file work07.cif (mmCIF, C-alpha atoms and all ligand atoms)
data_upload
loop_
_atom_site.label_atom_id
_atom_site.label_comp_id
_atom_site.auth_asym_id
_atom_site.auth_seq_id
_atom_site.Cartn_x
_atom_site.Cartn_y
_atom_site.Cartn_z
CA MET M 1 117.62 107.40 140.45
CA ASN M 2 118.43 111.06 139.96
CA ASP M 3 118.34 112.47 136.44
CA SER M 4 120.80 115.20 137.42
CA ASP M 5 123.50 112.50 137.24
CA PHE M 6 122.79 112.19 133.51
CA GLY M 7 121.89 115.71 132.44
CA SER M 8 120.74 119.13 133.59
CA GLU M 9 117.67 121.33 133.41
CA ASN M 10 118.03 124.67 131.66
CA THR M 11 116.33 127.88 132.74
CA ARG M 12 113.38 127.23 130.41
CA GLY M 13 112.54 123.89 132.00
CA TYR M 14 114.06 121.56 129.42
CA TRP M 15 116.08 118.63 130.63
CA ILE M 16 119.18 118.13 128.49
CA PRO M 17 121.24 114.92 128.57
CA ASN M 18 124.97 115.38 129.14
CA LYS M 19 125.75 112.84 126.45
CA ARG M 20 125.73 114.28 122.97
CA ILE M 21 124.02 112.43 120.14
CA GLN M 22 126.64 110.51 118.21
CA TYR M 23 126.59 108.23 115.22
CA PRO M 24 128.15 104.79 115.57
CA PRO M 25 131.44 104.34 113.66
CA VAL M 26 129.73 102.22 111.00
CA PHE M 27 129.11 104.37 107.95
CA VAL M 28 132.62 105.78 107.91
CA TRP M 29 135.64 105.54 105.70
CA PRO M 30 138.05 103.84 106.27
CA PRO M 31 136.01 101.05 107.92
CA GLN M 32 136.46 100.64 111.68
CA LEU M 33 136.18 96.96 112.47
CA VAL M 34 136.43 97.30 116.27
CA GLY M 35 133.83 100.09 116.30
CA PHE M 36 131.55 98.04 114.08
CA LEU M 37 131.81 94.97 116.34
CA LYS M 38 131.06 97.07 119.42
CA TRP M 39 128.02 98.61 117.72
CA LEU M 40 126.49 95.36 116.43
CA PRO M 41 125.05 94.05 119.74
CA LYS M 42 123.55 97.48 120.49
CA TYR M 43 121.97 97.48 117.04
CA VAL M 44 120.41 94.05 117.48
CA PHE M 45 119.45 94.26 121.18
CA PRO M 46 116.92 94.95 122.43
CA TRP M 47 114.72 96.45 119.70
CA GLY M 48 115.82 94.76 116.45
CA ILE M 49 115.55 91.29 117.92
CA SER M 50 112.33 92.10 119.79
CA TYR M 51 110.52 93.12 116.61
CA ALA M 52 111.92 90.15 114.67
CA LEU M 53 110.68 87.73 117.37
CA LEU M 54 107.33 89.51 117.55
CA ALA M 55 107.04 89.07 113.76
CA VAL M 56 107.74 85.33 114.10
CA PHE M 57 105.07 85.08 116.82
CA VAL M 58 102.52 87.08 114.81
CA TRP M 59 103.21 85.10 111.64
CA THR M 60 102.93 81.75 113.45
CA PHE M 61 99.93 82.38 115.69
CA LEU M 62 98.14 85.56 114.63
CA THR M 63 98.07 85.47 110.82
CA PRO M 64 95.58 83.48 108.71
CA SER M 65 96.97 80.61 106.61
CA MET M 66 98.41 81.35 103.14
CA GLU M 67 95.52 79.47 101.47
CA ARG M 68 92.99 81.83 103.05
CA LEU M 69 94.95 84.90 101.98
CA THR M 70 94.69 84.25 98.24
CA THR M 71 91.32 86.01 97.96
CA PHE M 72 90.32 89.21 99.72
CA SER M 73 87.59 88.52 102.23
CA ALA M 74 86.19 90.48 105.13
CA ASP M 75 86.73 87.69 107.67
CA TRP M 76 90.52 87.44 107.51
CA ILE M 77 91.01 91.16 106.82
CA GLY M 78 88.93 91.85 109.93
CA LEU M 79 91.11 89.48 111.97
CA VAL M 80 94.34 91.16 110.83
CA PHE M 81 92.83 94.59 111.60
CA LEU M 82 91.69 93.44 115.05
CA ARG M 83 95.13 91.93 115.78
CA ASN M 84 96.84 95.21 114.85
CA ILE M 85 94.42 97.19 117.04
CA VAL M 86 95.09 94.92 120.01
CA LEU M 87 98.87 95.04 119.53
CA THR M 88 98.75 98.84 119.31
CA ILE M 89 96.70 99.11 122.50
CA LEU M 90 99.08 96.72 124.29
CA VAL M 91 102.36 98.26 123.16
CA VAL M 92 101.57 101.98 122.91
CA GLY M 93 99.20 101.72 125.86
CA THR M 94 101.93 100.20 128.05
CA TRP M 95 104.36 103.06 127.32
CA HIS M 96 101.61 105.60 127.97
CA LEU M 97 100.47 103.85 131.15
CA TRP M 98 103.99 103.79 132.57
CA PHE M 99 105.01 107.36 131.80
CA TYR M 100 101.75 109.32 131.68
CA VAL M 101 99.02 107.52 133.65
CA LYS M 102 100.96 106.00 136.53
CA ARG M 103 103.67 108.64 136.08
CA ALA M 104 105.91 105.93 137.43
CA GLN M 105 109.03 108.09 137.40
CA GLY M 106 107.41 111.54 137.62
CA THR M 107 109.25 113.94 135.33
CA ALA M 108 112.63 112.30 135.88
CA PHE M 109 114.42 112.13 132.50
CA LYS M 110 111.56 114.00 130.81
CA PHE M 111 112.91 116.33 128.11
CA ASN M 112 110.09 118.83 128.59
CA ARG M 113 108.94 118.87 132.21
CA ARG M 114 105.37 119.81 131.25
CA TRP M 115 102.65 117.19 130.73
CA PRO M 116 100.60 116.91 127.50
CA LEU M 117 98.10 119.71 126.94
CA GLU M 118 94.54 119.06 128.10
CA ASP M 119 93.01 122.37 127.11
CA SER M 120 94.37 123.43 123.75
CA PRO M 121 92.30 124.30 120.68
CA ALA M 122 95.20 123.06 118.50
CA PHE M 123 94.11 119.49 119.20
CA LEU M 124 90.92 117.57 118.52
CA PHE M 125 88.78 117.40 121.68
CA ASN M 126 91.14 120.16 123.00
CA ASN M 127 93.28 117.33 124.36
CA GLN M 128 96.64 116.20 122.98
CA THR M 129 96.41 112.56 124.08
CA LYS M 130 92.81 112.10 122.88
CA ASP M 131 93.72 113.74 119.56
CA ASN M 132 96.73 111.43 119.16
CA ILE M 133 94.66 108.33 119.97
CA PHE M 134 92.03 109.42 117.45
CA TRP M 135 94.53 109.70 114.55
CA THR M 136 96.22 106.44 115.54
CA PHE M 137 93.00 104.40 115.31
CA ALA M 138 90.98 106.40 112.76
CA SER M 139 93.79 106.42 110.21
CA GLY M 140 97.10 104.90 111.37
CA VAL M 141 96.12 101.31 112.13
CA PRO M 142 93.62 101.03 109.20
CA ILE M 143 96.25 102.23 106.68
CA TRP M 144 98.97 100.00 108.19
CA THR M 145 96.50 97.10 107.93
CA ALA M 146 95.63 97.98 104.31
CA TRP M 147 99.31 97.88 103.29
CA GLU M 148 99.74 94.59 105.15
CA VAL M 149 96.59 93.02 103.67
CA VAL M 150 97.58 93.85 100.08
CA SER M 151 101.12 92.56 100.77
CA LEU M 152 99.83 89.26 102.20
CA TRP M 153 97.53 88.84 99.21
CA LEU M 154 100.45 89.45 96.81
CA TYR M 155 102.63 86.89 98.65
CA SER M 156 99.93 84.24 98.81
CA ASN M 157 99.33 84.52 95.07
CA GLY M 158 103.03 84.37 94.28
CA TYR M 159 103.14 87.87 92.77
CA VAL M 160 105.91 88.89 95.19
CA GLY M 161 108.15 87.00 97.59
CA GLY M 162 110.07 83.93 96.59
CA LEU M 163 112.30 83.66 99.65
CA SER M 164 112.01 80.85 102.18
CA PHE M 165 113.98 80.06 105.31
CA ALA M 166 114.75 76.54 104.10
CA GLU M 167 116.23 77.76 100.80
CA ASP M 168 118.40 80.62 102.02
CA LYS M 169 118.78 80.92 105.78
CA VAL M 170 121.48 83.60 105.63
CA LEU M 171 119.50 85.96 103.40
CA PHE M 172 116.31 85.25 105.38
CA VAL M 173 117.83 86.17 108.76
CA GLY M 174 119.99 88.90 107.19
CA LEU M 175 116.89 90.67 105.85
CA LEU M 176 115.29 90.58 109.30
CA LEU M 177 118.43 92.09 110.80
CA LEU M 178 118.68 94.71 108.07
CA LEU M 179 115.15 95.97 108.64
CA PRO M 180 115.93 98.73 111.17
CA LEU M 181 118.41 100.26 108.70
CA LEU M 182 115.99 99.94 105.77
CA HIS M 183 113.21 101.49 107.86
CA GLU M 184 115.49 104.33 108.95
CA PHE M 185 116.59 105.13 105.39
CA HIS M 186 113.03 104.97 104.05
CA PHE M 187 111.82 107.16 106.92
CA PHE M 188 114.47 109.80 106.24
CA CYS M 189 113.52 110.01 102.55
CA ILE M 190 109.77 110.32 103.09
CA HIS M 191 110.21 112.58 106.12
CA ARG M 192 112.41 114.97 104.15
CA LEU M 193 109.72 115.03 101.46
CA LEU M 194 107.01 115.74 104.05
CA HIS M 195 108.91 118.86 105.10
CA TRP M 196 108.56 120.31 101.60
CA PRO M 197 106.44 123.40 102.52
CA PRO M 198 103.23 122.58 100.57
CA LEU M 199 103.19 119.04 101.99
CA TYR M 200 104.21 120.21 105.43
CA ARG M 201 101.36 122.71 105.65
CA ARG M 202 98.68 120.31 104.42
CA VAL M 203 99.91 117.03 105.87
CA HIS M 204 102.90 116.77 108.20
CA ARG M 205 101.91 119.76 110.34
CA LEU M 206 99.42 117.53 112.14
CA HIS M 207 102.22 115.33 113.51
CA HIS M 208 104.21 118.42 114.49
CA LEU M 209 101.43 119.85 116.65
CA ASN M 210 103.10 117.60 119.21
CA THR M 211 106.00 119.79 120.26
CA ASN M 212 105.99 117.92 123.57
CA PRO M 213 105.27 114.38 122.32
CA GLY M 214 104.07 111.32 124.19
CA PRO M 215 103.83 107.65 123.07
CA TRP M 216 100.49 108.17 121.28
CA SER M 217 102.03 111.01 119.23
CA GLY M 218 104.15 108.49 117.33
CA LEU M 219 101.41 107.42 114.95
CA SER M 220 99.40 110.62 115.17
CA MET M 221 99.64 111.62 111.52
CA HIS M 222 97.51 112.86 108.66
CA PRO M 223 96.08 109.99 106.52
CA VAL M 224 98.29 111.02 103.57
CA GLU M 225 101.33 110.77 105.84
CA HIS M 226 100.20 107.30 106.98
CA LEU M 227 99.92 106.23 103.34
CA VAL M 228 103.45 107.41 102.62
CA TYR M 229 104.91 106.31 105.96
CA PHE M 230 103.77 102.70 105.55
CA SER M 231 104.94 102.58 101.92
CA GLY M 232 108.03 100.82 103.27
CA PHE M 233 106.07 97.64 102.42
CA LEU M 234 107.00 98.39 98.79
CA ILE M 235 110.61 97.42 99.57
CA TYR M 236 109.46 93.83 100.03
CA TRP M 237 107.34 93.89 96.91
CA ILE M 238 110.55 94.49 94.96
CA ILE M 239 113.22 92.36 96.64
CA PRO M 240 112.87 88.60 97.22
CA SER M 241 111.35 88.21 100.66
CA HIS M 242 108.89 86.25 102.80
CA PRO M 243 105.62 87.48 104.39
CA LEU M 244 107.43 87.39 107.72
CA HIS M 245 109.64 90.25 106.52
CA ALA M 246 106.62 92.34 105.57
CA LEU M 247 105.05 91.63 108.97
CA ASN M 248 108.29 92.66 110.66
CA LEU M 249 108.25 95.96 108.79
CA GLY M 250 104.58 96.60 109.61
CA LEU M 251 105.11 95.87 113.30
CA MET M 252 108.21 98.03 113.53
CA ALA M 253 106.64 100.93 111.60
CA GLY M 254 103.35 100.61 113.50
CA LEU M 255 104.57 100.07 117.05
CA SER M 256 108.09 101.47 117.43
CA PRO M 257 107.09 105.15 116.98
CA ALA M 258 105.65 104.89 120.50
CA GLN M 259 109.07 104.26 122.03
CA GLY M 260 110.53 107.03 119.84
CA HIS M 261 108.04 109.60 121.11
CA THR M 262 107.85 108.91 124.86
CA GLY M 263 109.39 112.31 125.61
CA PHE M 264 111.71 110.61 128.10
CA ASP M 265 115.40 109.75 127.83
CA ARG M 266 115.33 106.73 130.15
CA VAL M 267 112.97 104.19 131.64
CA VAL M 268 113.79 103.95 135.33
CA LEU M 269 113.49 100.35 136.48
CA GLY M 270 115.00 100.61 139.94
CA ASP M 271 117.39 102.60 142.11
CA LYS M 272 120.34 101.66 139.95
CA VAL M 273 118.83 100.25 136.77
CA SER M 274 117.54 102.25 133.82
CA LEU M 275 117.15 101.68 130.12
CA ASN M 276 118.17 104.37 127.65
CA LEU M 277 115.70 105.22 124.89
CA PRO M 278 117.96 106.50 122.13
CA TYR M 279 115.48 108.92 120.57
CA TYR M 280 116.65 112.33 121.77
CA ALA M 281 117.38 113.23 118.14
CA HIS M 282 113.71 112.82 117.21
CA TYR M 283 112.61 114.73 120.29
CA LEU M 284 114.81 117.61 119.07
CA HIS M 285 113.12 117.30 115.68
CA HIS M 286 109.75 117.88 117.38
CA ARG M 287 111.15 120.84 119.28
CA PHE M 288 113.08 122.52 116.48
CA PHE M 289 111.27 121.14 113.36
CA GLU M 290 114.17 121.43 110.89
CA VAL M 291 116.87 119.23 112.43
CA ASN M 292 117.33 115.46 112.70
CA TYR M 293 114.98 114.17 110.01
CA ALA M 294 116.39 110.72 110.71
CA ASP M 295 117.49 109.29 113.99
CA GLY M 296 119.53 106.22 114.50
CA ASN M 297 122.52 104.75 112.84
CA ILE M 298 123.05 106.25 109.40
CA PRO M 299 124.51 109.79 109.57
CA LEU M 300 122.09 111.12 106.96
CA ASP M 301 121.49 114.40 108.79
CA LYS M 302 125.23 114.96 109.07
CA TRP M 303 125.63 114.42 105.34
CA PHE M 304 122.75 116.78 104.52
CA GLY M 305 123.64 119.48 107.07
CA SER M 306 120.62 119.11 109.37
CA PHE M 307 122.23 117.35 112.33
CA HIS M 308 121.68 118.65 115.88
CA ASP M 309 123.66 116.77 118.53
CA GLY M 310 121.92 118.43 121.49
CA SER M 311 124.80 120.82 122.32
CA PRO M 312 124.60 124.61 122.81
CA GLU M 313 126.90 124.89 119.77
CA ALA M 314 124.30 123.09 117.63
CA ASP M 315 121.61 125.44 119.05
CA GLU M 316 123.75 128.39 117.96
CA ALA M 317 124.38 126.92 114.49
CA LEU M 318 120.62 126.44 114.02
CA LYS M 319 119.98 130.06 115.08
CA GLN M 320 122.54 131.26 112.51
CA ARG M 321 120.96 129.13 109.74
CA ARG M 322 117.55 130.59 110.57
CA LYS M 323 118.94 134.15 110.58
CA ILE M 324 120.57 133.73 107.18
CA ARG M 325 117.38 132.23 105.77
CA SER M 326 115.11 134.98 107.12
CA ARG M 327 117.45 137.62 105.61
CA SER M 328 117.25 135.99 102.19
CA GLU M 329 113.44 135.67 102.29
ZN ZN M 401 107.71 112.34 115.33
ZN ZN M 402 108.94 116.23 110.75
#

call {"tool": "encode", "arguments": {"input": "work07.cif", "output": "structure tokens", "more": "lines below"}}
Ligand SMILES: [Zn+2]
Ligand SMILES: [Zn+2]
result
Amino acid sequence: MNDSDFGSENTRGYWIPNKRIQYPPVFVWPPQLVGFLKWLPKYVFPWGISYALLAVFVWTFLTPSMERLTTFSADWIGLVFLRNIVLTILVVGTWHLWFYVKRAQGTAFKFNRRWPLEDSPAFLFNNQTKDNIFWTFASGVPIWTAWEVVSLWLYSNGYVGGLSFAEDKVLFVGLLLLLPLLHEFHFFCIHRLLHWPPLYRRVHRLHHLNTNPGPWSGLSMHPVEHLVYFSGFLIYWIIPSHPLHALNLGLMAGLSPAQGHTGFDRVVLGDKVSLNLPYYAHYLHHRFFEVNYADGNIPLDKWFGSFHDGSPEADEALKQRRKIRSRSE
């Protein structure tokens, strides 16, 4: 499969998809029923449903019983931590193995044709991938686990929760389906905050060292950013929910950044089959820093004037914004 059928390489070695980034006709007025119905399957499949099913599996087979969760104890906390480590290795490791170890499709569909840096003082161990793996396991998975452990303890003691599948099936399934939108909105808010200069310099800069990201870059963040990033658990401390919903959030927040940071536009699965990874917007955020704070379904960046759709016109508009700002500084 030839990536020149889907995009073109510019003179600086960046591959640019022909298709511009667009928002689905969902958050528009007046409502567009046909557009909404066309969007719905794409919203649910494959990622929304995959993470919901993974949450069901993890809740059923890989989470200690509610009775055990009522008191904090090293044995079950250790099991939850170990389970999250293994899931991270499996999921993030698989993306990395495919694109960066086996280099299964070479640089086809790679936004930046270069490979991660292996001799750069900007990164720990002078190596981007090793640096990213370090932050993922030294801080990311422990802080994800801490949020999850406290949430499970709160549920098991009846301090939060109150929703069961038997009592309200529609709300139960609806909340699972709503998660990607909740996660996206929460991410936009905290991400915008992290770009406030004092926080950016001290905290978020670490994630942005990855101007040419790979799957392990997704969770490569400063510990303060991990604390804030996983605070999405708070949503379920407030609204009636079930531990399964909190698990779904943890799994999506912990594992899906890998697919959002592959640095590739498509997974090539055969001569004629490929799967689009709809995260070009976030790649552009890593390249240009001040565009596309959200990526996905809600046109937040459009509303707040930071949208970049990947076109030369958007490049030009960004240049003009930067010029005006540097004149006023
Ligand atoms: Zn990122
Ligand atoms: Zn950022």

call {"tool": "residues_near_ligand", "arguments": {"input": "work07.cif", "ligand": "ligand ZN 402 (chain M)", "cutoff": "10 Å", "atoms": "all atoms listed in the file", "output": "PyMOL selection string"}}
result
chain M and resi 188+190-195+200+204-208+282+285-294

call {"tool": "atom_distance", "arguments": {"input": "work07.cif", "atom1": "CA of Leu33 (chain M)", "atom2": "CA of Asn297 (chain M)"}}
result
15.7 Å

call {"tool": "residues_near_point", "arguments": {"input": "work07.cif", "point": "(110.1, 114.9, 135.7)", "cutoff": "12 Å", "atoms": "all atoms listed in the file", "output": "PyMOL selection string"}}
result
chain M and resi 1-4+8-9+13-15+99-100+103-115+263-268

call {"tool": "closest_residue", "arguments": {"input": "work07.cif", "among": "M:Leu318, M:Ile235, M:Met221, M:Leu37", "to": "ligand ZN 401 (chain M)", "atoms": "all atoms listed in the file"}}
result
M:Met221

call {"tool": "atom_distance", "arguments": {"input": "work07.cif", "atom1": "CA of Gln259 (chain M)", "atom2": "CA of Trp95 (chain M)"}}
result
7.2 Å

call {"tool": "atom_distance", "arguments": {"input": "work07.cif", "atom1": "CA of Leu90 (chain M)", "atom2": "CA of Pro215 (chain M)"}}
result
12.0 Å

call {"tool": "closest_residue", "arguments": {"input": "work07.cif", "among": "M:Lys272, M:Arg325, M:Asp301, M:Asn212", "to": "ligand ZN 401 (chain M)", "atoms": "all atoms listed in the file"}}
result
M:Asn212

call {"tool": "closest_residue", "arguments": {"input": "work07.cif", "among": "M:Leu79, M:Ile16, M:Leu171, M:Ala258", "to": "ligand ZN 401 (chain M)", "atoms": "all atoms listed in the file"}}
result
M:Ala258

call {"tool": "residues_around", "arguments": {"input": "work07.cif", "residues": "Thr129 (chain M)", "least_positions_apart": "3", "cutoff": "12 Å", "atoms": "all atoms listed in the file", "output": "NGL selection string"}}
result
:M and (92-93 or 96-97 or 100-101 or 115-120 or 122-126 or 132-136 or 209-210 or 212-220)

call {"tool": "closest_residue", "arguments": {"input": "work07.cif", "among": "M:Phe137, M:Phe187, M:Trp196, M:Trp144", "to": "ligand ZN 401 (chain M)", "atoms": "all atoms listed in the file"}}
result
M:Phe187

call {"tool": "residues_around", "arguments": {"input": "work07.cif", "residues": "Trp153 (chain M)", "least_positions_apart": "4", "cutoff": "7 Å", "atoms": "only C-alpha atoms", "output": "mmCIF file with C-alpha atoms, keeping the file's coordinate frame"}}
result
data_model
loop_
_atom_site.group_PDB
_atom_site.id
_atom_site.type_symbol
_atom_site.label_atom_id
_atom_site.label_comp_id
_atom_site.auth_asym_id
_atom_site.auth_seq_id
_atom_site.Cartn_x
_atom_site.Cartn_y
_atom_site.Cartn_z
ATOM 1 C CA LEU M 69 94.950 84.900 101.980
ATOM 2 C CA THR M 70 94.690 84.250 98.240
ATOM 3 C CA THR M 71 91.320 86.010 97.960
ATOM 4 C CA VAL M 149 96.590 93.020 103.670
ATOM 5 C CA ASN M 157 99.330 84.520 95.070
#

call {"tool": "residues_around", "arguments": {"input": "work07.cif", "residues": "Glu167 (chain M)", "least_positions_apart": "6", "cutoff": "12 Å", "atoms": "all atoms listed in the file", "output": "list of chain:residue names"}}
result
M:Val173, M:Pro240, M:Ser241, M:His242

call {"tool": "closest_residue", "arguments": {"input": "work07.cif", "among": "M:Ala52, M:Leu300, M:Leu284, M:Ile77", "to": "Thr211 (chain M)", "atoms": "all atoms listed in the file"}}
result
M:Leu284

call {"tool": "closest_residue", "arguments": {"input": "work07.cif", "among": "M:Met252, M:His222, M:Pro17, M:Leu53", "to": "Asn84 (chain M)", "atoms": "only C-alpha atoms"}}
result
M:Met252

call {"tool": "build_atoms", "arguments": {"input": "work07.cif", "residues": "region 57-83 of chain M", "atoms": "N, CA and C atoms", "output": "mmCIF file, keeping the file's coordinate frame"}}
result
data_model
loop_
_atom_site.group_PDB
_atom_site.id
_atom_site.type_symbol
_atom_site.label_atom_id
_atom_site.label_comp_id
_atom_site.auth_asym_id
_atom_site.auth_seq_id
_atom_site.Cartn_x
_atom_site.Cartn_y
_atom_site.Cartn_z
ATOM 1 N N PHE M 57 106.241 85.446 116.014
ATOM 2 C CA PHE M 57 105.070 85.080 116.820
ATOM 3 C C PHE M 57 103.777 85.416 116.060
ATOM 4 N N VAL M 58 103.735 86.628 115.509
ATOM 5 C CA VAL M 58 102.520 87.080 114.810
ATOM 6 C C VAL M 58 102.278 86.237 113.554
ATOM 7 N N TRP M 59 103.348 85.911 112.849
ATOM 8 C CA TRP M 59 103.210 85.100 111.640
ATOM 9 C C TRP M 59 102.725 83.681 111.991
ATOM 10 N N THR M 60 103.262 83.128 113.085
ATOM 11 C CA THR M 60 102.930 81.750 113.450
ATOM 12 C C THR M 60 101.539 81.629 114.051
ATOM 13 N N PHE M 61 101.178 82.563 114.928
ATOM 14 C CA PHE M 61 99.930 82.380 115.690
ATOM 15 C C PHE M 61 98.820 83.372 115.355
ATOM 16 N N LEU M 62 99.163 84.516 114.773
ATOM 17 C CA LEU M 62 98.140 85.560 114.630
ATOM 18 C C LEU M 62 97.930 86.005 113.178
ATOM 19 N N THR M 63 98.279 85.141 112.230
ATOM 20 C CA THR M 63 98.070 85.470 110.820
ATOM 21 C C THR M 63 97.357 84.297 110.144
ATOM 22 N N PRO M 64 96.302 84.580 109.376
ATOM 23 C CA PRO M 64 95.580 83.480 108.710
ATOM 24 C C PRO M 64 96.512 82.708 107.772
ATOM 25 N N SER M 65 96.126 81.468 107.451
ATOM 26 C CA SER M 65 96.970 80.610 106.610
ATOM 27 C C SER M 65 97.070 81.180 105.198
ATOM 28 N N MET M 66 98.167 80.832 104.504
ATOM 29 C CA MET M 66 98.410 81.350 103.140
ATOM 30 C C MET M 66 97.251 81.026 102.205
ATOM 31 N N GLU M 67 96.628 79.846 102.371
ATOM 32 C CA GLU M 67 95.520 79.470 101.470
ATOM 33 C C GLU M 67 94.367 80.459 101.597
ATOM 34 N N ARG M 68 94.111 80.898 102.842
ATOM 35 C CA ARG M 68 92.990 81.830 103.050
ATOM 36 C C ARG M 68 93.286 83.205 102.466
ATOM 37 N N LEU M 69 94.576 83.535 102.380
ATOM 38 C CA LEU M 69 94.950 84.900 101.980
ATOM 39 C C LEU M 69 94.848 85.147 100.477
ATOM 40 N N THR M 70 94.646 84.090 99.702
ATOM 41 C CA THR M 70 94.690 84.250 98.240
ATOM 42 C C THR M 70 93.535 85.080 97.690
ATOM 43 N N THR M 71 92.415 85.132 98.415
ATOM 44 C CA THR M 71 91.320 86.010 97.960
ATOM 45 C C THR M 71 90.967 86.977 99.101
ATOM 46 N N PHE M 72 90.713 88.220 98.717
ATOM 47 C CA PHE M 72 90.320 89.210 99.720
ATOM 48 C C PHE M 72 88.982 88.814 100.309
ATOM 49 N N SER M 73 88.910 88.763 101.625
ATOM 50 C CA SER M 73 87.590 88.520 102.230
ATOM 51 C C SER M 73 87.553 89.178 103.605
ATOM 52 N N ALA M 74 86.353 89.655 103.920
ATOM 53 C CA ALA M 74 86.190 90.480 105.130
ATOM 54 C C ALA M 74 86.615 89.725 106.381
ATOM 55 N N ASP M 75 86.456 88.393 106.402
ATOM 56 C CA ASP M 75 86.730 87.690 107.670
ATOM 57 C C ASP M 75 88.217 87.737 108.046
ATOM 58 N N TRP M 76 89.106 87.411 107.094
ATOM 59 C CA TRP M 76 90.520 87.440 107.510
ATOM 60 C C TRP M 76 91.086 88.862 107.579
ATOM 61 N N ILE M 77 90.556 89.758 106.738
ATOM 62 C CA ILE M 77 91.010 91.160 106.820
ATOM 63 C C ILE M 77 90.609 91.732 108.184
ATOM 64 N N GLY M 78 89.399 91.396 108.617
ATOM 65 C CA GLY M 78 88.930 91.850 109.930
ATOM 66 C C GLY M 78 89.815 91.321 111.053
ATOM 67 N N LEU M 79 90.255 90.062 110.923
ATOM 68 C CA LEU M 79 91.110 89.480 111.970
ATOM 69 C C LEU M 79 92.469 90.190 112.033
ATOM 70 N N VAL M 80 93.043 90.475 110.859
ATOM 71 C CA VAL M 80 94.340 91.160 110.830
ATOM 72 C C VAL M 80 94.191 92.570 111.425
ATOM 73 N N PHE M 81 93.097 93.247 111.081
ATOM 74 C CA PHE M 81 92.830 94.590 111.600
ATOM 75 C C PHE M 81 92.696 94.549 113.133
ATOM 76 N N LEU M 82 91.908 93.578 113.606
ATOM 77 C CA LEU M 82 91.690 93.440 115.050
ATOM 78 C C LEU M 82 93.016 93.145 115.770
ATOM 79 N N ARG M 83 93.822 92.257 115.180
ATOM 80 C CA ARG M 83 95.130 91.930 115.780
ATOM 81 C C ARG M 83 96.015 93.173 115.870
#
